[in-house]
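Engineer: Following this line is query-v4.txt, made up of compact mmCIF, C-alpha atoms and all ligand atoms:
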# COMPACT_ATOMS: atom_id res chain seq x y z
CA MET A 1 0.00 0.00 0.00
CA GLU A 2 1.27 3.46 -0.83
CA LYS A 3 1.75 5.62 2.22
CA LYS A 4 -0.10 8.89 2.36
CA LEU A 5 2.28 11.80 2.58
CA PRO A 6 1.45 14.85 4.66
CA THR A 7 1.43 18.36 3.28
CA ILE A 8 3.93 20.74 4.87
CA GLU A 9 3.27 24.38 4.16
CA ILE A 10 5.95 26.92 5.04
CA ILE A 11 4.74 30.50 5.09
CA GLU A 12 7.88 32.26 3.94
CA LYS A 13 6.82 35.74 4.92
CA TYR A 14 6.47 34.59 8.57
CA CYS A 15 9.65 32.47 8.76
CA LYS A 16 12.51 34.23 10.56
CA GLY A 17 15.10 31.58 9.85
CA CYS A 18 15.72 30.44 13.42
CA HIS A 19 16.58 26.83 12.38
CA ILE A 20 14.49 25.31 15.23
CA CYS A 21 12.28 23.23 12.93
CA VAL A 22 15.23 21.97 10.91
CA GLU A 23 17.36 21.08 13.92
CA PHE A 24 14.72 19.21 15.90
CA CYS A 25 12.91 17.32 13.13
CA PRO A 26 13.60 13.70 14.14
CA THR A 27 13.87 12.50 10.53
CA LYS A 28 15.61 15.46 8.87
CA VAL A 29 12.74 16.37 6.56
CA LEU A 30 13.49 20.08 6.55
CA GLU A 31 16.44 22.25 5.56
CA MET A 32 17.30 25.91 5.36
CA GLN A 33 17.23 27.43 1.90
CA GLY A 34 18.86 30.77 2.38
CA PHE A 35 17.08 32.47 5.27
CA VAL A 36 13.91 30.39 5.26
CA ALA A 37 13.01 26.79 6.05
CA ALA A 38 12.07 24.45 3.21
CA VAL A 39 10.98 20.84 2.74
CA LYS A 40 13.84 18.64 1.57
CA ASN A 41 12.61 15.08 2.06
CA LEU A 42 8.84 14.81 2.55
CA ASP A 43 9.00 11.03 2.26
CA ALA A 44 10.76 10.79 5.62
CA CYS A 45 8.09 12.76 7.52
CA ILE A 46 6.56 10.78 10.39
CA LYS A 47 3.90 13.46 11.05
CA CYS A 48 5.08 14.02 14.62
CA MET A 49 4.05 17.71 14.33
CA GLN A 50 7.03 18.87 16.37
CA CYS A 51 8.10 21.38 13.73
CA GLU A 52 4.66 22.96 13.70
CA LEU A 53 4.45 23.00 17.51
CA ARG A 54 7.91 24.51 17.99
CA CYS A 55 7.99 27.09 15.23
CA PRO A 56 7.83 30.36 17.22
CA ASP A 57 6.59 32.22 14.15
CA PHE A 58 3.43 30.37 13.08
CA ALA A 59 5.26 29.63 9.83
CA ILE A 60 4.75 25.84 9.44
CA LYS A 61 1.51 23.97 8.92
CA VAL A 62 1.60 20.18 8.74
CA THR A 63 -1.53 18.48 7.45
CA ALA A 64 -1.35 14.75 8.02
CA MET B 1 -5.67 19.07 9.73
CA ALA B 2 -3.06 21.50 10.84
CA PHE B 3 -4.17 23.43 13.90
CA ASP B 4 -5.91 26.69 12.97
CA TYR B 5 -4.11 29.35 15.02
CA ASP B 6 -5.48 32.14 12.83
CA LYS B 7 -8.89 31.76 14.44
CA TYR B 8 -7.46 33.30 17.63
CA ILE B 9 -5.13 35.91 16.13
CA ARG B 10 -6.18 39.44 15.25
CA PRO B 11 -6.20 39.78 11.47
CA GLY B 12 -3.06 41.28 9.98
CA LYS B 13 -1.02 40.99 13.20
CA LEU B 14 1.49 38.38 11.98
CA PRO B 15 4.44 38.26 11.64
CA HIS B 16 4.89 39.19 15.29
CA ILE B 17 7.70 41.41 16.57
CA TRP B 18 9.60 38.76 18.54
CA CYS B 19 13.17 37.98 17.44
CA PRO B 20 14.12 34.85 15.49
CA GLY B 21 13.99 31.88 17.87
CA CYS B 22 12.39 33.79 20.78
CA GLY B 23 10.33 31.29 22.76
CA HIS B 24 7.46 33.70 23.43
CA GLY B 25 5.86 32.65 20.14
CA ILE B 26 5.97 28.99 21.19
CA VAL B 27 4.23 29.89 24.46
CA MET B 28 1.57 31.92 22.64
CA LYS B 29 0.82 28.93 20.43
CA GLY B 30 0.45 26.75 23.53
CA LEU B 31 -1.94 29.25 25.08
CA ILE B 32 -4.02 29.32 21.88
CA ARG B 33 -4.27 25.53 21.80
CA ALA B 34 -5.30 25.56 25.48
CA ILE B 35 -8.04 28.14 24.91
CA ASP B 36 -9.26 26.11 21.95
CA ALA B 37 -9.24 22.84 23.92
CA LEU B 38 -11.27 24.47 26.69
CA GLY B 39 -13.76 25.81 24.15
CA PHE B 40 -13.60 29.30 25.62
CA GLU B 41 -15.60 32.13 24.04
CA LYS B 42 -13.27 34.93 22.96
CA ASN B 43 -15.68 37.49 24.39
CA ASN B 44 -15.56 35.79 27.77
CA THR B 45 -11.78 35.43 27.90
CA ALA B 46 -9.52 38.23 29.12
CA ILE B 47 -5.76 38.15 28.55
CA VAL B 48 -3.91 40.68 30.65
CA SER B 49 -0.26 41.72 30.61
CA GLY B 50 2.17 44.33 31.88
CA ILE B 51 5.13 45.55 29.82
CA GLY B 52 7.96 43.68 28.11
CA CYS B 53 8.48 41.50 25.06
CA ALA B 54 6.45 38.70 26.69
CA SER B 55 3.78 41.23 27.61
CA ARG B 56 3.23 42.02 23.92
CA LEU B 57 1.37 38.73 23.66
CA PRO B 58 -2.20 40.02 24.27
CA GLY B 59 -1.85 42.43 21.35
CA TYR B 60 -1.93 39.46 18.96
CA MET B 61 -4.84 37.66 20.56
CA ASP B 62 -8.35 38.08 19.28
CA CYS B 63 -9.85 37.97 22.78
CA CYS B 64 -10.61 40.64 25.39
CA THR B 65 -7.16 42.01 26.11
CA LEU B 66 -5.48 44.49 28.44
CA HIS B 67 -1.89 45.66 27.97
CA THR B 68 -1.32 47.58 31.19
CA ALA B 69 1.51 49.22 33.15
CA HIS B 70 4.81 47.48 33.88
CA GLY B 71 4.34 44.85 36.59
CA ARG B 72 0.65 45.52 37.05
CA ALA B 73 -0.92 42.61 35.16
CA ALA B 74 -2.05 40.82 38.33
CA ALA B 75 -3.63 44.00 39.73
CA PHE B 76 -5.62 44.75 36.57
CA ALA B 77 -6.57 41.09 36.19
CA THR B 78 -7.83 41.07 39.79
CA GLY B 79 -10.04 44.05 38.92
CA VAL B 80 -11.46 42.27 35.86
CA LYS B 81 -12.11 39.07 37.81
CA MET B 82 -13.79 40.91 40.71
CA ALA B 83 -16.08 42.79 38.30
CA LYS B 84 -16.82 39.72 36.18
CA PRO B 85 -16.12 36.52 38.13
CA GLU B 86 -17.62 34.42 35.32
CA MET B 87 -14.94 35.63 32.90
CA ASN B 88 -11.85 33.50 32.15
CA VAL B 89 -8.92 35.69 33.16
CA ILE B 90 -5.36 34.86 32.11
CA CYS B 91 -2.26 36.93 32.91
CA VAL B 92 0.85 36.67 30.76
CA GLY B 93 4.25 38.29 31.10
CA GLY B 94 7.97 37.99 31.69
CA ASP B 95 10.12 37.25 34.71
CA GLY B 96 11.09 40.92 34.98
CA ASP B 97 7.56 42.21 34.75
CA GLY B 98 6.16 39.57 37.12
CA THR B 99 8.85 39.20 39.78
CA ALA B 100 10.78 42.51 39.83
CA ILE B 101 8.55 45.58 39.48
CA GLY B 102 5.45 43.37 39.67
CA GLY B 103 6.67 41.08 42.42
CA ASN B 104 4.35 42.55 45.02
CA HIS B 105 1.25 42.20 42.86
CA PHE B 106 2.30 38.68 42.00
CA ILE B 107 2.76 37.41 45.56
CA HIS B 108 -0.46 38.98 46.79
CA ALA B 109 -2.47 37.50 43.92
CA CYS B 110 -0.97 34.14 44.95
CA ARG B 111 -1.91 34.76 48.59
CA ARG B 112 -5.50 35.67 47.75
CA ASN B 113 -6.07 32.58 45.67
CA ILE B 114 -8.18 34.43 43.11
CA ASN B 115 -9.27 32.26 40.19
CA ILE B 116 -6.79 33.59 37.61
CA THR B 117 -4.08 31.77 35.67
CA TYR B 118 -0.71 33.52 35.44
CA ILE B 119 1.65 32.37 32.67
CA ILE B 120 5.16 33.61 33.33
CA MET B 121 7.65 33.41 30.47
CA ASN B 122 10.97 33.14 32.26
CA ASN B 123 13.81 34.00 29.88
CA LYS B 124 16.00 35.09 32.82
CA ILE B 125 16.44 38.66 31.56
CA TYR B 126 14.78 41.99 30.67
CA GLY B 127 14.65 41.33 26.93
CA MET B 128 12.76 44.40 25.76
CA THR B 129 15.05 46.99 27.25
CA GLY B 130 18.31 45.41 26.13
CA GLY B 131 19.22 42.73 28.65
CA GLN B 132 19.35 44.11 32.18
CA PHE B 133 19.42 41.40 34.86
CA SER B 134 16.14 40.30 36.40
CA PRO B 135 15.37 38.52 39.68
CA ALA B 136 15.55 35.28 37.64
CA THR B 137 19.03 35.85 36.19
CA PRO B 138 21.32 33.05 37.40
CA THR B 139 24.28 33.82 39.64
CA GLY B 140 27.34 34.52 37.53
CA ALA B 141 25.39 35.21 34.33
CA LYS B 142 26.13 38.29 32.25
CA ALA B 143 23.57 41.00 31.69
CA SER B 144 24.05 44.58 30.47
CA THR B 145 23.93 45.62 34.14
CA THR B 146 26.14 42.76 35.37
CA PRO B 147 28.99 42.76 32.83
CA TYR B 148 31.30 41.01 35.33
CA GLY B 149 28.75 38.36 36.30
CA ASN B 150 25.61 38.58 38.42
CA PRO B 151 26.36 38.33 42.16
CA ASP B 152 22.68 37.76 43.10
CA PRO B 153 21.05 34.38 43.58
CA PRO B 154 17.92 34.04 41.39
CA PHE B 155 14.33 33.45 42.43
CA ASP B 156 12.92 30.01 41.79
CA ILE B 157 9.65 31.45 40.48
CA ALA B 158 7.60 28.28 40.94
CA LYS B 159 8.78 27.99 44.56
CA LEU B 160 8.07 31.68 45.11
CA ALA B 161 4.49 31.12 43.91
CA ILE B 162 4.01 28.08 46.14
CA GLY B 163 5.45 29.94 49.13
CA ALA B 164 3.17 32.91 48.53
CA GLY B 165 0.07 30.70 48.49
CA ALA B 166 -0.72 29.87 44.86
CA THR B 167 -2.82 26.69 44.86
CA PHE B 168 -1.66 25.30 41.50
CA VAL B 169 1.90 25.64 40.23
CA ALA B 170 3.37 24.02 37.12
CA ARG B 171 6.52 24.39 35.07
CA GLY B 172 7.31 23.67 31.44
CA THR B 173 9.81 24.82 28.85
CA ALA B 174 9.66 26.37 25.40
CA TYR B 175 11.43 23.27 24.06
CA HIS B 176 8.71 20.93 25.38
CA ALA B 177 6.02 22.52 23.24
CA THR B 178 3.60 19.58 23.41
CA GLN B 179 3.33 19.97 27.17
CA ILE B 180 2.65 23.71 27.27
CA ASP B 181 -1.05 23.61 26.35
CA LYS B 182 -1.67 20.65 28.66
CA LEU B 183 -0.20 22.48 31.66
CA ILE B 184 -2.17 25.63 30.82
CA VAL B 185 -5.43 23.68 30.48
CA GLU B 186 -4.90 22.05 33.88
CA ALA B 187 -3.99 25.38 35.44
CA ILE B 188 -7.08 27.11 34.06
CA GLN B 189 -9.36 24.26 35.18
CA HIS B 190 -8.03 24.58 38.73
CA LYS B 191 -10.22 26.77 40.95
CA GLY B 192 -7.86 29.32 42.46
CA PHE B 193 -4.69 31.17 41.57
CA SER B 194 -2.62 29.05 39.22
CA VAL B 195 0.88 29.77 37.96
CA VAL B 196 2.53 28.21 34.91
CA GLU B 197 6.20 29.07 34.63
CA ILE B 198 7.62 28.41 31.17
CA LEU B 199 11.41 28.37 30.97
CA ASP B 200 12.00 30.39 27.86
CA ASP B 201 14.88 31.71 25.77
CA CYS B 202 15.99 35.18 24.77
CA PRO B 203 18.72 34.58 22.18
CA THR B 204 19.12 38.31 21.52
CA THR B 205 19.95 39.76 24.92
CA TYR B 206 20.73 36.70 27.08
CA GLY B 207 22.04 34.14 24.61
CA ARG B 208 24.61 36.32 22.90
CA ARG B 209 26.00 37.81 26.07
CA ASN B 210 26.28 34.41 27.72
CA LYS B 211 28.11 32.75 24.84
CA TYR B 212 25.40 30.53 23.48
CA LYS B 213 26.34 29.82 19.87
CA SER B 214 22.74 29.93 18.70
CA VAL B 215 19.15 29.52 19.78
CA ILE B 216 19.58 25.79 19.14
CA GLU B 217 22.08 25.59 22.00
CA MET B 218 19.57 27.37 24.25
CA MET B 219 16.81 24.96 23.22
CA ASN B 220 19.10 21.98 23.83
CA GLU B 221 19.83 23.29 27.30
CA LEU B 222 16.09 23.48 28.07
CA LYS B 223 15.76 19.94 26.76
CA ASP B 224 18.62 18.69 28.96
CA ILE B 225 17.84 20.40 32.26
CA ALA B 226 14.13 19.50 32.40
CA VAL B 227 13.19 16.49 34.51
CA PRO B 228 9.51 15.52 34.87
CA VAL B 229 8.43 15.36 38.54
CA LYS B 230 7.61 11.65 38.28
CA ALA B 231 11.07 10.80 36.91
CA ALA B 232 12.71 12.94 39.59
CA GLU B 233 11.21 10.77 42.35
CA LYS B 234 13.54 7.97 41.29
CA MET B 235 16.65 10.15 41.03
CA THR B 236 19.32 10.86 43.63
CA PRO B 237 20.20 14.43 44.69
CA GLU B 238 23.45 13.94 42.78
CA GLN B 239 21.59 13.11 39.57
CA LEU B 240 19.27 16.08 40.08
CA LYS B 241 22.11 18.60 40.31
CA GLY B 242 21.62 21.37 37.74
CA LYS B 243 18.20 20.04 36.70
CA VAL B 244 14.79 21.68 37.02
CA LEU B 245 11.54 19.89 37.70
CA THR B 246 8.77 20.14 35.12
CA GLY B 247 5.10 19.23 35.19
CA VAL B 248 2.57 19.96 37.94
CA LEU B 249 4.67 20.85 40.98
CA TYR B 250 1.94 21.73 43.47
CA LYS B 251 -1.82 21.51 43.81
CA GLU B 252 -4.22 22.08 46.69
CA GLU B 253 -7.86 23.05 47.19
CA LYS B 254 -8.52 26.23 49.15
CA PRO B 255 -11.35 28.82 49.32
CA GLU B 256 -11.34 30.98 46.18
CA TYR B 257 -11.31 34.76 46.51
CA THR B 258 -14.27 35.89 44.36
CA ALA B 259 -16.49 33.26 46.07
CA GLU B 260 -15.31 34.42 49.51
CA TYR B 261 -15.85 38.04 48.54
CA ALA B 262 -19.41 37.27 47.42
CA LYS B 263 -20.03 36.01 50.97
CA VAL B 264 -18.68 39.27 52.38
CA ILE B 265 -21.17 41.15 50.19
CA GLU B 266 -24.00 38.97 51.50
CA ARG B 267 -22.91 39.54 55.11
CA ALA B 268 -22.72 43.30 54.52
CA LYS B 269 -26.23 43.29 53.03
CA GLY B 270 -27.49 41.43 56.11
CA ALA B 271 -25.84 43.90 58.46
CA ALA B 272 -27.34 46.86 56.59
CA LYS B 273 -30.91 45.61 57.11
C1 LIG C 1 7.54 51.79 35.15
C2 LIG C 1 8.44 51.24 34.11
N1 LIG C 1 9.72 50.96 34.41
C3 LIG C 1 10.56 50.46 33.49
C4 LIG C 1 10.09 50.21 32.22
C5 LIG C 1 11.07 49.67 31.18
N2 LIG C 1 10.83 48.27 30.87
C6 LIG C 1 10.07 47.91 29.81
S1 LIG C 1 10.02 46.25 29.60
C7 LIG C 1 11.04 46.00 30.91
C8 LIG C 1 11.50 44.60 31.34
C9 LIG C 1 10.77 43.48 30.70
O1 LIG C 1 11.36 42.28 31.05
P1 LIG C 1 10.53 40.93 31.17
O2 LIG C 1 9.26 41.16 31.87
O3 LIG C 1 11.42 39.88 31.73
O4 LIG C 1 10.10 40.57 29.67
P2 LIG C 1 10.93 40.23 28.36
O5 LIG C 1 11.12 41.54 27.64
O6 LIG C 1 12.22 39.59 28.74
O7 LIG C 1 10.03 39.32 27.62
C10 LIG C 1 11.42 47.21 31.51
C11 LIG C 1 12.32 47.33 32.65
C12 LIG C 1 8.74 50.51 31.91
N3 LIG C 1 8.23 50.28 30.72
N4 LIG C 1 7.94 51.03 32.87
S1 LIG C 2 6.05 16.58 11.29
FE1 LIG C 2 7.81 15.75 12.44
S2 LIG C 2 8.84 14.44 10.95
FE2 LIG C 2 7.46 15.74 9.77
S3 LIG C 2 8.73 17.50 9.19
FE3 LIG C 2 7.72 18.07 11.10
S4 LIG C 2 9.19 17.52 12.69
FE4 LIG C 2 9.82 16.45 10.82
S1 LIG C 3 10.98 27.19 13.13
FE1 LIG C 3 9.62 28.52 11.95
S2 LIG C 3 10.67 30.51 11.89
FE2 LIG C 3 12.18 28.98 12.56
S3 LIG C 3 13.19 28.38 10.63
FE3 LIG C 3 11.52 26.92 10.99
S4 LIG C 3 9.77 27.79 9.84
FE4 LIG C 3 11.29 29.41 10.05
S1 LIG C 4 14.72 40.68 22.92
FE1 LIG C 4 14.64 38.61 23.73
S2 LIG C 4 12.63 38.43 24.73
FE2 LIG C 4 12.57 40.22 23.35
S3 LIG C 4 11.73 39.42 21.43
FE3 LIG C 4 13.96 39.37 21.27
S4 LIG C 4 14.51 37.30 21.93
FE4 LIG C 4 12.42 37.68 22.63
The structure in this file should be written as structure tokens.

Structural biologist:
Amino acid sequence: MEKKLPTIEIIEKYCKGCHICVEFCPTKVLEMQGFVAAVKNLDACIKCMQCELRCPDFAIKVTA
Amino acid sequence: MAFDYDKYIRPGKLPHIWCPGCGHGIVMKGLIRAIDALGFEKNNTAIVSGIGCASRLPGYMDCCTLHTAHGRAAAFATGVKMAKPEMNVICVGGDGDGTAIGGNHFIHACRRNINITYIIMNNKIYGMTGGQFSPATPTGAKASTTPYGNPDPPFDIAKLAIGAGATFVARGTAYHATQIDKLIVEAIQHKGFSVVEILDDCPTTYGRRNKYKSVIEMMNELKDIAVPVKAAEKMTPEQLKGKVLTGVLYKEEKPEYTAEYAKVIERAKGAAK
């Protein structure tokens, strides 16, 4: 069965580039692209929501 | 679905003014999830603050809000609660606002056991004004006013609240985001004065001066020092050195102030007859 991937939306105009989401993602889904966070490897996402919970800037929305 | 924070934020208010990596935004998100979980009406929920970066929080919230004078959140909140005891009243603010200039208001609100929840974002410094030391700055730490290291011992804010008579006291951290809303929900559901201390980070005025390489190092420290109360029961004093307890630290049932005051009003009415 094909696994259903989540959608990760990064609102670039809110992101302040703190690296928190990138650093603490347990499966290294995210990376910094210049000053903002970006999705690098969506396949690896385990939908733990930690990036959304910890982003201080309301800049990530994960829809499982 | 992703959680809909926008429902509780005043339109057009984001991005907020807090610095990159400042934990205040993480705490605000926890508070929003708590208000949502409790199903509170925005029109029946008052969020009250003093002055400081942390105290900017109510400005973003689409609830009834009061941004008052430095240190006076507890006093204004007491006024709101006395006038409208049915209203949900939540104070928010920093360690400086709540335990330095506002220390007196804070301890007496604790003593009265009025049904208000006070969320104190403890980043160990006066962030807004450029990093002066606060009563929560650790001994030896550098602040703009203690360039050679702080000689003062800090307050343990949770202990201060318990000592002053608060009937529910909990502690979390900005790193442990999942726990923040749960602690706030429990605090709000408690009948009496409840305090939730969130160990927070100020990378701009505390982190830089105290040689943290980045906000990640500050977050990792919060991760490492936190020990849940249950886990601490099985640890030796040696193992607990340098750690801080998190979770619900104290809880007791005691007469609540607005209910007691209503009785005073009844007695006064009787005496006037
Ligand atoms: C009566 C008065 N005194 C001093 C100030 C200056 N002042 C503004 S914010 C602040 C400290 C805020 O620190 P804290 O509450 O820890 O919040 P943070 O900015 O760290 O979030 C001070 C001293 C003021 N606004 N009013
Ligand atoms: S939901 Fe969890 S696994 Fe997925 S990107 Fe966010 S932190 Fe990483
Ligand atoms: S945590 Fe939020 S603000 Fe920080 S880099 Fe990630 S998306 Fe940007
Ligand atoms: S100065 Fe410190 S407390 Fe104020 S917004 Fe910046 S990081 Fe946060």

Engineer: Mind working out the centre and edge lengths of an axis-aligned box for ligand LIG 2 (chain C), all listed atoms inside, 4 Å added to each side, rounded to one decimal in Å and written as AutoDock Vina command-line options?

Structural biologist:
--center_x 7.9 --center_y 16.3 --center_z 10.9 --size_x 11.8 --size_y 11.6 --size_z 11.5

Engineer: Using only C-alpha atoms and all ligand atoms, find each protein or nucleic acid residue lying at most 6 Å from ligand LIG 3 (chain C); present the set as a list in words.

Structural biologist: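 Those within range of ligand LIG 3 (chain C) are Cys15, Lys16, Gly17, Cys18, His19, Ile20, Cys21, Val36, Ala37, Cys55, Pro56, Asp57, Ala59 and Ile60 of chain A.
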
Engineer: At a cut-off of 12 Å, using all atoms listed in the file, what residues contact range 4-6 of chain A? Leave out same-chain residues fewer than 3 positions from it and give the result as a list in words.

Structural biologist: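 Returned residues: Met1, Glu9, Val29, Val39, Asn41, Leu42, Asp43, Ala44, Cys45, Ile46, Lys47, Cys48, Met49, Lys61, Val62, Thr63 and Ala64 of chain A; Met1 and Ala2 of chain B.
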
Engineer: Skip range 121-129 of chain B itself and residues of its chain fewer than 3 positions away, then list as a ChimeraX atom specification all residues within 8 Å of it, counting all atoms listed in the file.

Structural biologist: /B:24,27,52-54,92-96,132-138,143,197-202,204-206

Engineer: How many Å separate CA of Met219 in chain B from atom S1 of ligand LIG 1 (chain C)?

Structural biologist: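 For CA of Met219 in chain B relative to atom S1 of ligand LIG 1 (chain C), the distance reads 23.2 Å.
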
Engineer: At a cut-off of 12 Å, using only C-alpha atoms, what residues contact Ala166 in chain B? Leave out same-chain residues fewer than 2 positions from it and give the result as a VMD selection string.

Structural biologist: chain B and resid 106 to 118 157 to 164 168 to 170 187 190 to 196 249 to 257

Engineer: Using Å and a single decimal, report how far CA of His105 in chain B sits from CA of Ile32 in chain B.

Structural biologist: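 It comes out at 25.2 Å.
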
Engineer: So that I can check the surroundings of Leu30 in chain A, please list as a list in words every protein, DNA and RNA residue that reaches within 6 Å of it, counting all atoms listed in the file and ignoring chain neighbours fewer than 6 positions away.

Structural biologist: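 Returned residues: Val22, Ala38, Val39 and Lys40 of chain A.
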
Engineer: With all atoms listed in the file considered, list every residue of chain B at most 8 Å from chain A, as a ChimeraX atom specification.

Structural biologist: /B:1-3,5,14-16,19-26,29,174-175,177-178,215-216

Engineer: Hey, can you check how far CA of Thr246 in chain B sits from CA of Arg33 in chain B?

Structural biologist: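 Taking CA of Thr246 in chain B as the start and CA of Arg33 in chain B as the end point, the length is 19.4 Å.
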
Engineer: Choose the residue, out of B:Lys142, B:Lys13, B:His67, B:Arg208, that has the smallest atom-to-atom separation from ligand LIG 4 (chain C); count all atoms listed in the file.

Structural biologist: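 Checking each candidate against ligand LIG 4 (chain C), we get B:Arg208 as the closest.
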